[in-house]
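Engineer: Below is the file target.pdb, which contains PDB, C-alpha atoms.
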```pdb
ATOM      1  CA  MET B   1      98.957  89.775 110.831
ATOM      2  CA  GLU B   2      95.764  87.986 109.857
ATOM      3  CA  ALA B   3      95.974  85.960 106.675
ATOM      4  CA  VAL B   4      94.065  87.192 103.618
ATOM      5  CA  THR B   5      92.783  84.110 101.817
ATOM      6  CA  GLN B   6      90.198  85.867  99.685
ATOM      7  CA  SER B   7      89.845  89.478  98.614
ATOM      8  CA  ASP B   8      86.699  91.510  97.983
ATOM      9  CA  ILE B   9      87.092  94.841  96.196
ATOM     10  CA  VAL B  10      83.841  96.787  96.202
ATOM     11  CA  GLY B  11      83.150  98.414  92.845
ATOM     12  CA  LEU B  12      85.423  96.151  90.774
ATOM     13  CA  THR B  13      84.264  92.987  89.012
ATOM     14  CA  LEU B  14      85.997  89.752  90.016
ATOM     15  CA  ILE B  15      87.221  87.909  86.910
ATOM     16  CA  ALA B  16      89.049  84.926  88.396
ATOM     17  CA  ARG B  17      90.578  83.440  91.504
ATOM     18  CA  GLY B  18      93.809  81.610  90.751
ATOM     19  CA  LYS B  19      95.937  79.505  93.048
ATOM     20  CA  VAL B  20      97.258  82.609  94.801
ATOM     21  CA  ARG B  21      95.935  85.696  92.999
ATOM     22  CA  ASP B  22      92.494  87.259  92.643
ATOM     23  CA  ILE B  23      91.973  89.217  89.417
ATOM     24  CA  TYR B  24      89.532  92.107  88.981
ATOM     25  CA  ARG B  25      88.472  94.201  86.003
ATOM     26  CA  VAL B  26      89.267  97.894  86.435
ATOM     27  CA  ASP B  27      88.208  98.975  82.936
ATOM     28  CA  ASN B  28      88.702  97.865  79.330
ATOM     29  CA  LYS B  29      92.470  98.354  79.542
ATOM     30  CA  ARG B  30      93.465  97.529  83.120
ATOM     31  CA  LEU B  31      93.191  94.824  85.777
ATOM     32  CA  ALA B  32      93.767  94.731  89.527
ATOM     33  CA  ILE B  33      95.747  91.672  90.674
ATOM     34  CA  VAL B  34      95.597  90.911  94.389
ATOM     35  CA  ALA B  35      98.214  88.538  95.830
ATOM     36  CA  THR B  36      96.455  86.695  98.655
ATOM     37  CA  ASP B  37      98.186  84.661 101.347
ATOM     38  CA  ARG B  38      97.019  81.369  99.842
ATOM     39  CA  LEU B  39      99.759  78.784  99.376
ATOM     40  CA  SER B  40      99.928  76.173  96.646
ATOM     41  CA  ALA B  41     102.248  73.197  96.432
ATOM     42  CA  TYR B  42     102.306  70.606  93.681
ATOM     43  CA  ASP B  43      99.558  72.731  92.056
ATOM     44  CA  VAL B  44      97.218  72.185  95.014
ATOM     45  CA  VAL B  45      96.005  75.098  97.138
ATOM     46  CA  LEU B  46      96.703  74.115 100.731
ATOM     47  CA  PRO B  47      94.193  74.743 103.540
ATOM     48  CA  ASP B  48      96.640  76.902 105.508
ATOM     49  CA  ALA B  49      97.717  80.361 104.391
ATOM     50  CA  LEU B  50     100.935  82.288 105.110
ATOM     51  CA  PRO B  51      99.955  85.610 106.747
ATOM     52  CA  GLY B  52     101.504  88.506 104.851
ATOM     53  CA  LYS B  53     102.921  86.391 102.032
ATOM     54  CA  GLY B  54     100.985  88.309  99.387
ATOM     55  CA  VAL B  55     102.446  91.597 100.563
ATOM     56  CA  LEU B  56     105.965  90.167 100.354
ATOM     57  CA  LEU B  57     105.395  88.753  96.873
ATOM     58  CA  THR B  58     103.992  92.046  95.620
ATOM     59  CA  GLU B  59     106.880  94.008  97.109
ATOM     60  CA  LEU B  60     109.432  91.788  95.405
ATOM     61  CA  SER B  61     107.604  91.701  92.060
ATOM     62  CA  ARG B  62     107.401  95.501  92.047
ATOM     63  CA  PHE B  63     111.123  95.644  92.756
ATOM     64  CA  TRP B  64     111.953  93.313  89.861
ATOM     65  CA  PHE B  65     109.556  95.030  87.436
ATOM     66  CA  GLU B  66     111.311  98.335  88.133
ATOM     67  CA  TRP B  67     114.686  96.631  87.737
ATOM     68  CA  ILE B  68     113.583  95.052  84.447
ATOM     69  CA  ASP B  69     112.034  98.286  83.166
ATOM     70  CA  ASP B  70     114.701  99.060  80.555
ATOM     71  CA  ARG B  71     115.183  95.404  79.587
ATOM     72  CA  CYS B  72     111.647  94.288  78.843
ATOM     73  CA  ARG B  73     108.155  95.704  78.516
ATOM     74  CA  HIS B  74     105.956  94.617  81.437
ATOM     75  CA  HIS B  75     102.352  95.031  82.507
ATOM     76  CA  LEU B  76     102.782  96.991  85.770
ATOM     77  CA  THR B  77     101.349 100.527  85.864
ATOM     78  CA  PRO B  78     102.180 103.229  88.445
ATOM     79  CA  LEU B  79      98.580 103.298  89.715
ATOM     80  CA  SER B  80      97.474 102.073  93.142
ATOM     81  CA  LEU B  81      94.268 100.321  94.161
ATOM     82  CA  THR B  82      93.033 103.479  95.872
ATOM     83  CA  ASP B  83      93.606 105.379  92.609
ATOM     84  CA  VAL B  84      91.224 103.148  90.671
ATOM     85  CA  ALA B  85      88.748 101.927  93.305
ATOM     86  CA  GLY B  86      88.575 104.718  95.881
ATOM     87  CA  ASP B  87      90.437 105.593  99.049
ATOM     88  CA  THR B  88      88.595 103.400 101.557
ATOM     89  CA  PRO B  89      89.991 101.572 104.612
ATOM     90  CA  ALA B  90      89.444  98.217 102.887
ATOM     91  CA  ASN B  91      91.265  99.335  99.753
ATOM     92  CA  ARG B  92      94.134 100.826 101.744
ATOM     93  CA  ALA B  93      94.529  97.464 103.510
ATOM     94  CA  LEU B  94      94.654  95.584 100.187
ATOM     95  CA  ASP B  95      96.834  98.122  98.385
ATOM     96  CA  PRO B  96     100.245  96.692  99.482
ATOM     97  CA  ARG B  97      99.308  93.339  97.947
ATOM     98  CA  THR B  98      97.721  94.711  94.758
ATOM     99  CA  MET B  99      99.163  95.633  91.375
ATOM    100  CA  ILE B 100      97.233  97.612  88.755
ATOM    101  CA  VAL B 101      98.330  96.235  85.396
ATOM    102  CA  GLU B 102      97.633  96.391  81.692
ATOM    103  CA  LYS B 103      94.939  94.032  80.470
ATOM    104  CA  LEU B 104      96.550  91.606  78.028
ATOM    105  CA  THR B 105      95.910  88.216  76.466
ATOM    106  CA  PRO B 106      97.913  85.641  78.485
ATOM    107  CA  LEU B 107      99.855  82.989  76.615
ATOM    108  CA  PRO B 108      98.800  79.387  77.407
ATOM    109  CA  ILE B 109     102.318  78.465  78.568
ATOM    110  CA  GLU B 110     104.634  79.040  81.497
ATOM    111  CA  ALA B 111     108.158  80.050  80.535
ATOM    112  CA  VAL B 112     110.352  77.955  82.828
ATOM    113  CA  VAL B 113     114.104  78.539  82.958
ATOM    114  CA  ARG B 114     116.406  76.117  84.750
ATOM    115  CA  GLY B 115     119.937  77.032  85.745
ATOM    116  CA  TYR B 116     120.432  74.036  88.036
ATOM    117  CA  LEU B 117     119.314  70.405  87.906
ATOM    118  CA  ILE B 118     116.687  70.041  90.618
ATOM    119  CA  GLY B 119     113.014  69.164  91.088
ATOM    120  CA  SER B 120     111.156  67.690  88.120
ATOM    121  CA  GLY B 121     114.151  68.469  85.894
ATOM    122  CA  TRP B 122     116.377  66.271  88.037
ATOM    123  CA  ARG B 123     113.805  63.467  88.025
ATOM    124  CA  ASP B 124     113.437  63.762  84.253
ATOM    125  CA  TYR B 125     117.217  63.620  83.834
ATOM    126  CA  LEU B 126     117.488  60.486  85.991
ATOM    127  CA  ASP B 127     114.752  58.759  83.985
ATOM    128  CA  THR B 128     115.639  59.846  80.448
ATOM    129  CA  GLY B 129     118.985  61.660  80.417
ATOM    130  CA  ALA B 130     117.114  64.743  79.208
ATOM    131  CA  VAL B 131     115.052  67.634  80.560
ATOM    132  CA  CYS B 132     111.876  68.430  78.631
ATOM    133  CA  GLY B 133     113.338  66.778  75.551
ATOM    134  CA  ILE B 134     116.747  68.464  75.831
ATOM    135  CA  THR B 135     119.419  65.758  76.082
ATOM    136  CA  LEU B 136     122.172  66.501  78.618
ATOM    137  CA  PRO B 137     125.633  64.990  79.137
ATOM    138  CA  THR B 138     125.912  62.146  81.615
ATOM    139  CA  GLY B 139     127.394  62.610  85.067
ATOM    140  CA  PHE B 140     125.420  65.537  86.451
ATOM    141  CA  ALA B 141     124.737  65.402  90.191
ATOM    142  CA  GLN B 142     121.570  66.553  91.884
ATOM    143  CA  ALA B 143     121.458  70.377  92.106
ATOM    144  CA  ALA B 144     124.417  70.698  89.718
ATOM    145  CA  GLN B 145     124.705  73.953  87.811
ATOM    146  CA  LEU B 146     123.978  73.451  84.122
ATOM    147  CA  ASP B 147     126.523  74.534  81.539
ATOM    148  CA  THR B 148     123.942  76.975  80.173
ATOM    149  CA  PRO B 149     120.422  77.678  81.464
ATOM    150  CA  LEU B 150     117.638  75.731  79.780
ATOM    151  CA  PHE B 151     114.295  77.021  78.546
ATOM    152  CA  THR B 152     111.804  74.283  79.473
ATOM    153  CA  PRO B 153     108.227  75.495  78.996
ATOM    154  CA  ALA B 154     105.103  74.042  80.561
ATOM    155  CA  THR B 155     101.387  74.237  79.985
ATOM    156  CA  LYS B 156      99.355  76.223  82.514
ATOM    157  CA  ALA B 157      97.034  74.090  84.590
ATOM    158  CA  ALA B 158      93.704  75.079  86.066
ATOM    159  CA  VAL B 159      93.418  75.232  89.866
ATOM    160  CA  GLY B 160      93.696  71.677  91.179
ATOM    161  CA  ASP B 161      95.367  70.310  88.039
ATOM    162  CA  HIS B 162      99.077  69.816  87.433
ATOM    163  CA  ASP B 163     101.241  71.796  85.015
ATOM    164  CA  GLU B 164     102.714  69.649  82.247
ATOM    165  CA  ASN B 165     106.287  70.037  81.017
ATOM    166  CA  ILE B 166     106.474  70.314  77.226
ATOM    167  CA  ASP B 167     109.255  70.515  74.668
ATOM    168  CA  PHE B 168     109.963  73.513  72.467
ATOM    169  CA  ALA B 169     108.199  71.978  69.478
ATOM    170  CA  ARG B 170     104.972  71.758  71.464
ATOM    171  CA  CYS B 171     105.495  75.335  72.648
ATOM    172  CA  VAL B 172     105.674  76.414  68.995
ATOM    173  CA  GLU B 173     102.439  74.565  68.275
ATOM    174  CA  LEU B 174     100.708  76.455  71.100
ATOM    175  CA  VAL B 175     101.931  80.011  70.478
ATOM    176  CA  GLY B 176     103.629  80.063  67.061
ATOM    177  CA  GLN B 177     107.290  80.136  66.051
ATOM    178  CA  ARG B 178     107.872  83.887  66.406
ATOM    179  CA  ILE B 179     106.323  84.201  69.865
ATOM    180  CA  ALA B 180     107.907  80.960  71.104
ATOM    181  CA  GLU B 181     111.367  82.198  70.125
ATOM    182  CA  GLN B 182     110.752  85.607  71.689
ATOM    183  CA  VAL B 183     109.514  84.045  74.937
ATOM    184  CA  ARG B 184     112.518  81.709  75.052
ATOM    185  CA  ASP B 185     115.106  84.404  74.362
ATOM    186  CA  LEU B 186     113.577  86.965  76.709
ATOM    187  CA  SER B 187     113.096  84.437  79.533
ATOM    188  CA  LEU B 188     116.715  83.319  79.327
ATOM    189  CA  SER B 189     117.929  86.918  79.227
ATOM    190  CA  ILE B 190     115.888  88.035  82.257
ATOM    191  CA  TYR B 191     116.820  84.930  84.220
ATOM    192  CA  GLN B 192     120.541  85.272  83.565
ATOM    193  CA  ALA B 193     120.575  88.974  84.497
ATOM    194  CA  GLY B 194     118.435  88.422  87.585
ATOM    195  CA  ALA B 195     120.441  85.385  88.689
ATOM    196  CA  ALA B 196     123.694  87.347  88.423
ATOM    197  CA  TYR B 197     122.190  90.204  90.442
ATOM    198  CA  ALA B 198     120.926  87.818  93.140
ATOM    199  CA  ARG B 199     124.172  85.803  93.217
ATOM    200  CA  ALA B 200     126.102  88.957  94.100
ATOM    201  CA  ARG B 201     123.810  89.254  97.122
ATOM    202  CA  GLY B 202     124.241  85.686  98.339
ATOM    203  CA  ILE B 203     121.232  84.072  96.663
ATOM    204  CA  ILE B 204     121.267  81.456  93.912
ATOM    205  CA  ILE B 205     118.153  81.491  91.725
ATOM    206  CA  ALA B 206     118.168  77.855  90.690
ATOM    207  CA  ASP B 207     115.158  78.091  88.401
ATOM    208  CA  THR B 208     112.097  80.230  87.816
ATOM    209  CA  LYS B 209     108.991  80.629  85.720
ATOM    210  CA  PHE B 210     107.753  83.680  83.831
ATOM    211  CA  GLU B 211     104.428  84.393  82.221
ATOM    212  CA  PHE B 212     103.783  86.547  79.178
ATOM    213  CA  GLY B 213     100.837  88.104  77.414
ATOM    214  CA  LEU B 214     100.133  89.809  74.108
ATOM    215  CA  ASP B 215      98.798  93.311  73.599
ATOM    216  CA  ASP B 216      96.301  94.241  70.876
ATOM    217  CA  ALA B 217      99.155  94.616  68.386
ATOM    218  CA  GLY B 218     100.457  91.122  69.141
ATOM    219  CA  GLU B 219     103.523  92.377  71.000
ATOM    220  CA  LEU B 220     104.969  90.392  73.904
ATOM    221  CA  VAL B 221     104.646  91.719  77.473
ATOM    222  CA  LEU B 222     105.942  90.237  80.755
ATOM    223  CA  ILE B 223     103.058  89.648  83.210
ATOM    224  CA  ASP B 224     102.151  88.044  86.557
ATOM    225  CA  GLU B 225     105.013  87.882  89.101
ATOM    226  CA  VAL B 226     108.775  87.978  88.614
ATOM    227  CA  LEU B 227     111.574  86.075  90.391
ATOM    228  CA  THR B 228     109.701  85.558  93.665
ATOM    229  CA  PRO B 229     109.973  82.684  96.165
ATOM    230  CA  ASP B 230     106.616  81.447  94.862
ATOM    231  CA  SER B 231     107.796  81.258  91.245
ATOM    232  CA  SER B 232     111.477  80.382  91.773
ATOM    233  CA  ARG B 233     113.895  78.302  93.781
ATOM    234  CA  PHE B 234     116.112  80.520  95.946
ATOM    235  CA  TRP B 235     119.150  78.946  97.613
ATOM    236  CA  PRO B 236     121.618  80.533 100.066
ATOM    237  CA  ALA B 237     124.866  80.638  98.104
ATOM    238  CA  ASP B 238     127.027  79.976 101.148
ATOM    239  CA  GLN B 239     125.227  76.660 101.816
ATOM    240  CA  TYR B 240     125.101  75.362  98.255
ATOM    241  CA  ALA B 241     126.811  72.105  97.341
ATOM    242  CA  PRO B 242     126.008  69.866  94.357
ATOM    243  CA  GLY B 243     124.906  66.326  95.115
ATOM    244  CA  GLN B 244     122.111  67.247  97.523
ATOM    245  CA  SER B 245     118.989  69.373  97.657
ATOM    246  CA  PRO B 246     120.183  72.670  99.170
ATOM    247  CA  PRO B 247     118.336  74.586 101.889
ATOM    248  CA  SER B 248     116.007  77.156 100.405
ATOM    249  CA  TYR B 249     114.354  80.551 100.753
ATOM    250  CA  ASP B 250     111.233  79.414  98.928
ATOM    251  CA  LYS B 251     108.372  76.898  98.920
ATOM    252  CA  GLN B 252     110.791  73.966  98.965
ATOM    253  CA  PHE B 253     110.640  74.145 102.770
ATOM    254  CA  VAL B 254     106.924  73.330 102.470
ATOM    255  CA  ARG B 255     107.492  70.674  99.810
ATOM    256  CA  ASP B 256     110.096  68.942 101.967
ATOM    257  CA  TYR B 257     107.565  68.707 104.806
ATOM    258  CA  LEU B 258     104.838  67.445 102.463
ATOM    259  CA  GLU B 259     107.159  64.723 101.179
ATOM    260  CA  THR B 260     107.235  63.249 104.703
ATOM    261  CA  LEU B 261     103.450  62.714 104.576
ATOM    262  CA  ASP B 262     101.337  60.003 103.017
ATOM    263  CA  TRP B 263      99.698  62.380 100.523
ATOM    264  CA  ASP B 264      98.998  61.690  96.855
ATOM    265  CA  LYS B 265      99.433  65.366  95.824
ATOM    266  CA  GLN B 266      95.760  65.623  94.957
ATOM    267  CA  PRO B 267      93.175  67.931  96.575
ATOM    268  CA  PRO B 268      92.478  68.392  99.380
ATOM    269  CA  GLY B 269      95.937  69.256 100.638
ATOM    270  CA  PRO B 270      97.114  68.523 104.189
ATOM    271  CA  THR B 271      97.273  71.130 106.936
ATOM    272  CA  LEU B 272     100.631  72.639 107.878
ATOM    273  CA  PRO B 273     102.077  72.860 111.397
ATOM    274  CA  LYS B 274     102.866  76.326 112.715
ATOM    275  CA  SER B 275     106.603  75.607 112.533
ATOM    276  CA  VAL B 276     106.376  75.099 108.752
ATOM    277  CA  ILE B 277     104.250  78.226 108.271
ATOM    278  CA  ASP B 278     106.591  80.373 110.373
ATOM    279  CA  GLY B 279     109.697  78.827 108.829
ATOM    280  CA  THR B 280     108.493  79.474 105.293
ATOM    281  CA  LEU B 281     107.617  83.100 106.020
ATOM    282  CA  SER B 282     110.995  83.741 107.649
ATOM    283  CA  ARG B 283     112.745  82.366 104.555
ATOM    284  CA  TYR B 284     110.673  84.576 102.245
ATOM    285  CA  ARG B 285     111.485  87.648 104.352
ATOM    286  CA  GLU B 286     115.206  86.851 104.409
ATOM    287  CA  ALA B 287     115.381  86.522 100.634
ATOM    288  CA  ILE B 288     113.398  89.689  99.986
ATOM    289  CA  THR B 289     115.461  91.675 102.475
ATOM    290  CA  ARG B 290     118.679  90.563 100.785
ATOM    291  CA  LEU B 291     117.398  91.453  97.341
ATOM    292  CA  THR B 292     115.639  94.744  98.027
ATOM    293  CA  ALA B 293     117.739  96.344 100.783
ATOM    294  CA  GLU B 294     119.270  99.705  99.969
ATOM    295  CA  THR B 295     122.662  98.027  99.732
ATOM    296  CA  ALA B 296     121.110  95.897  96.968
ATOM    297  CA  SER B 297     119.994  98.845  94.873
ATOM    298  CA  PRO B 298     119.131  97.854  91.303
ATOM    299  CA  GLN B 299     121.314 100.599  89.815
TER
END
```
Would you write out, as structure tokens, the structure that this file holds?

Structural biologist:
Amino acid sequence: MEAVTQSDIVGLTLIARGKVRDIYRVDNKRLAIVATDRLSAYDVVLPDALPGKGVLLTELSRFWFEWIDDRCRHHLTPLSLTDVAGDTPANRALDPRTMIVEKLTPLPIEAVVRGYLIGSGWRDYLDTGAVCGITLPTGFAQAAQLDTPLFTPATKAAVGDHDENIDFARCVELVGQRIAEQVRDLSLSIYQAGAAYARARGIIIADTKFEFGLDDAGELVLIDEVLTPDSSRFWPADQYAPGQSPPSYDKQFVRDYLETLDWDKQPPGPTLPKSVIDGTLSRYREAITRLTAETASPQ
């Protein structure tokens, strides 16, 4: 499969190109979101893409949105790209990586939930004994499961910039007390339910990020992607052990390679060898197969 690094939908107006997704205006109430095969790490879009990654991410997000349907309002509609932009060969090719969604006002935060102490949370804990201002008991090992999951929001960075972890007080300043509490409670609820579902199928969701928007009435709606290898850390449960960074089904495979390089985590990013590209894709496919197989029905 040839990698799709940039989409072009004839007849729809391009609004933005994010790190991975291209966003188009369908009409006053709907958007088309195309998941390309671009890959970002440390908030930098890398020069190499992962062929077919956008299709996999869209498949898994659709699965989770359907699973979440009775738990939380979300932005996904039942429409396809061909429904709104015409049944052309180009649109049929993009359809498996495209979601037609409600047009909402995105919140200026990312709703990060951590169930395990890894990544920037682990580094924060080593330096301060806390994660995003939340003080933790001493004695936790790397990758240890937390007593209860933590809501640790972040600001959303522009392409090429880095997200910034913030505490809950700053989150309240950005979105208001009512919305901040709703985002926190809903994020923790979705994470805990999704993590339990995945754990029963051999996958630990160590942490994840959600994004939310507001409709015209000011009501909260889940948007973007949900519990994917791009937005989460997925670990094989049978290989997990605290005290070390576990093997992964997500972008950590890429990050581990990048950590071996002399790179300052600023654009431009380094190229990836074929073994890293193929290895990352195989991990994504394994996770998605485990989660979406018929034996893993979301009933």

Engineer: Set the distance at 9 Å and use all atoms listed in the file: which residues neighbour range 74-83 of chain B once local chain neighbours fewer than 3 positions away are removed? I'd like the list as a list in words.

Structural biologist: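 Using all atoms listed in the file, the neighbours found are Arg30, Ala32, Arg62, Phe65, Glu66, Ile68, Asp69, Gly86, Asp87, Thr88, Asn91, Arg92, Leu94, Asp95, Pro96, Thr98, Met99, Ile100, Val101, Glu102, Lys103, Leu104, Phe212, Gly213, Leu220, Val221, Leu222, Ile223 and Asp224 of chain B.
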
Engineer: Please put the answer as lines of an AutoDock Vina configuration file: centre and edge lengths, in Å with one decimal, of a box along x, y and z that encloses all listed atoms of range 209-212 of chain B plus 6 Å on each side.

Structural biologist:
```
center_x = 106.4
center_y = 83.6
center_z = 82.4
size_x = 17.2
size_y = 17.9
size_z = 18.5
```

Engineer: Please enumerate the residues selected by the PyMOL selection byres ((chain B and resi 145-155) around 6) when evaluated against the supplied file, formatted as number ranges by chain.

Structural biologist: B: 109-116, 132, 144, 156, 163-166

Engineer: From the options B:Phe210, B:Phe253, B:Phe140, B:Trp64, which residue's atoms come nearest to Leu117 in chain B, counting only C-alpha atoms?

Structural biologist: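 Distance minimum relative to Leu117 in chain B lands on B:Phe140.
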
Engineer: Could you jot down the CA of Thr5 in chain B to CA of Thr36 in chain B separation for me, Å, one decimal place?

Structural biologist: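 A separation of 5.5 Å between them.
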
Engineer: Between B:Ile118, B:Val175, B:Leu186, B:Leu39, which one has atoms that come closest to Leu57 in chain B, using all atoms listed in the file?

Structural biologist: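 Of the candidates, the smallest distance to Leu57 in chain B is held by B:Leu39.
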
Engineer: Considering only C-alpha atoms, state which residue in the set B:Val45, B:Asp124, B:Thr105, B:Ile9 is at the smallest distance from Ala85 in chain B.

Structural biologist: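 So, comparing all the options, the nearest one is B:Ile9.
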
Engineer: Looking at all atoms listed in the file, which of B:Leu50, B:Arg97, B:Val84, B:Pro137 is the one that sits closest to Pro273 in chain B?

Structural biologist: B:Leu50

Engineer: Have a look at CA of Lys251 in chain B and CA of Leu227 in chain B and let me know their distance in Å, one decimal.

Structural biologist: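 According to the coordinates, CA of Lys251 in chain B and CA of Leu227 in chain B are separated by 12.9 Å.
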
Engineer: Mind giving me the straight-line distance from CA of Cys171 in chain B to CA of Ala35 in chain B in Å, one decimal?

Structural biologist: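 Computing the Euclidean distance for CA of Cys171 in chain B and CA of Ala35 in chain B yields 27.7 Å.
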
Engineer: Starting from the shown file, work through the PyMOL selection byres ((chain B and resi 272) around 9) and note down what comes out as a compact mmCIF listing (two decimals) with C-alpha atoms, in the frame of the given file.

Structural biologist:
```
# COMPACT_ATOMS: atom_id res chain seq x y z
CA LEU B 46 96.70 74.11 100.73
CA PRO B 47 94.19 74.74 103.54
CA ASP B 48 96.64 76.90 105.51
CA ALA B 49 97.72 80.36 104.39
CA VAL B 254 106.92 73.33 102.47
CA TYR B 257 107.56 68.71 104.81
CA LEU B 258 104.84 67.44 102.46
CA PRO B 270 97.11 68.52 104.19
CA THR B 271 97.27 71.13 106.94
CA PRO B 273 102.08 72.86 111.40
CA LYS B 274 102.87 76.33 112.72
CA SER B 275 106.60 75.61 112.53
CA VAL B 276 106.38 75.10 108.75
CA ILE B 277 104.25 78.23 108.27
```

Engineer: Counting all atoms listed in the file, which of B:Leu60, B:Asp215, B:Leu281, B:Leu107 gets nearest to Lys29 in chain B?

Structural biologist: B:Asp215

Engineer: I want to know what sits within 8 Å of Ile23 in chain B, based on only C-alpha atoms, with residues of the same chain fewer than 6 positions away left out; could you give that as a PyMOL selection string?

Structural biologist: chain B and resi 14-17+31-34

Engineer: What would the list of residues within 12 Å of (120.4, 87.8, 87.8) (file frame) look like as a PDB file with C-alpha atoms, in the coordinates of the input, if only C-alpha atoms are what count?

Structural biologist:
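Result file point-v8.pdb:
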```pdb
ATOM      1  CA  TRP B  64     111.953  93.313  89.861  1.00  0.00           C
ATOM      2  CA  TRP B  67     114.686  96.631  87.737  1.00  0.00           C
ATOM      3  CA  ILE B  68     113.583  95.052  84.447  1.00  0.00           C
ATOM      4  CA  GLY B 115     119.937  77.032  85.745  1.00  0.00           C
ATOM      5  CA  PRO B 149     120.422  77.678  81.464  1.00  0.00           C
ATOM      6  CA  SER B 187     113.096  84.437  79.533  1.00  0.00           C
ATOM      7  CA  LEU B 188     116.715  83.319  79.327  1.00  0.00           C
ATOM      8  CA  SER B 189     117.929  86.918  79.227  1.00  0.00           C
ATOM      9  CA  ILE B 190     115.888  88.035  82.257  1.00  0.00           C
ATOM     10  CA  TYR B 191     116.820  84.930  84.220  1.00  0.00           C
ATOM     11  CA  GLN B 192     120.541  85.272  83.565  1.00  0.00           C
ATOM     12  CA  ALA B 193     120.575  88.974  84.497  1.00  0.00           C
ATOM     13  CA  GLY B 194     118.435  88.422  87.585  1.00  0.00           C
ATOM     14  CA  ALA B 195     120.441  85.385  88.689  1.00  0.00           C
ATOM     15  CA  ALA B 196     123.694  87.347  88.423  1.00  0.00           C
ATOM     16  CA  TYR B 197     122.190  90.204  90.442  1.00  0.00           C
ATOM     17  CA  ALA B 198     120.926  87.818  93.140  1.00  0.00           C
ATOM     18  CA  ARG B 199     124.172  85.803  93.217  1.00  0.00           C
ATOM     19  CA  ALA B 200     126.102  88.957  94.100  1.00  0.00           C
ATOM     20  CA  ARG B 201     123.810  89.254  97.122  1.00  0.00           C
ATOM     21  CA  GLY B 202     124.241  85.686  98.339  1.00  0.00           C
ATOM     22  CA  ILE B 203     121.232  84.072  96.663  1.00  0.00           C
ATOM     23  CA  ILE B 204     121.267  81.456  93.912  1.00  0.00           C
ATOM     24  CA  ILE B 205     118.153  81.491  91.725  1.00  0.00           C
ATOM     25  CA  ALA B 206     118.168  77.855  90.690  1.00  0.00           C
ATOM     26  CA  ASP B 207     115.158  78.091  88.401  1.00  0.00           C
ATOM     27  CA  THR B 208     112.097  80.230  87.816  1.00  0.00           C
ATOM     28  CA  VAL B 226     108.775  87.978  88.614  1.00  0.00           C
ATOM     29  CA  LEU B 227     111.574  86.075  90.391  1.00  0.00           C
ATOM     30  CA  PHE B 234     116.112  80.520  95.946  1.00  0.00           C
ATOM     31  CA  LEU B 291     117.398  91.453  97.341  1.00  0.00           C
ATOM     32  CA  PRO B 298     119.131  97.854  91.303  1.00  0.00           C
TER      33      PRO B 298
END
```

Engineer: Compare B:Gln142, B:Ala41, B:Val55, B:Asp8 by their minimum atom-to-atom distance to Trp263 in chain B, counting only C-alpha atoms, and give me the closest one.

Structural biologist: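 Answer, going by the shortest atom-to-atom distance: B:Ala41.
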
Engineer: Using the chain letters and residue numbers of this document, give as a ChimeraX atom specification the residues selected by the PyMOL selection byres ((chain B and resi 51-53) around 6).

Structural biologist: /B:1-3,37,50,54-56
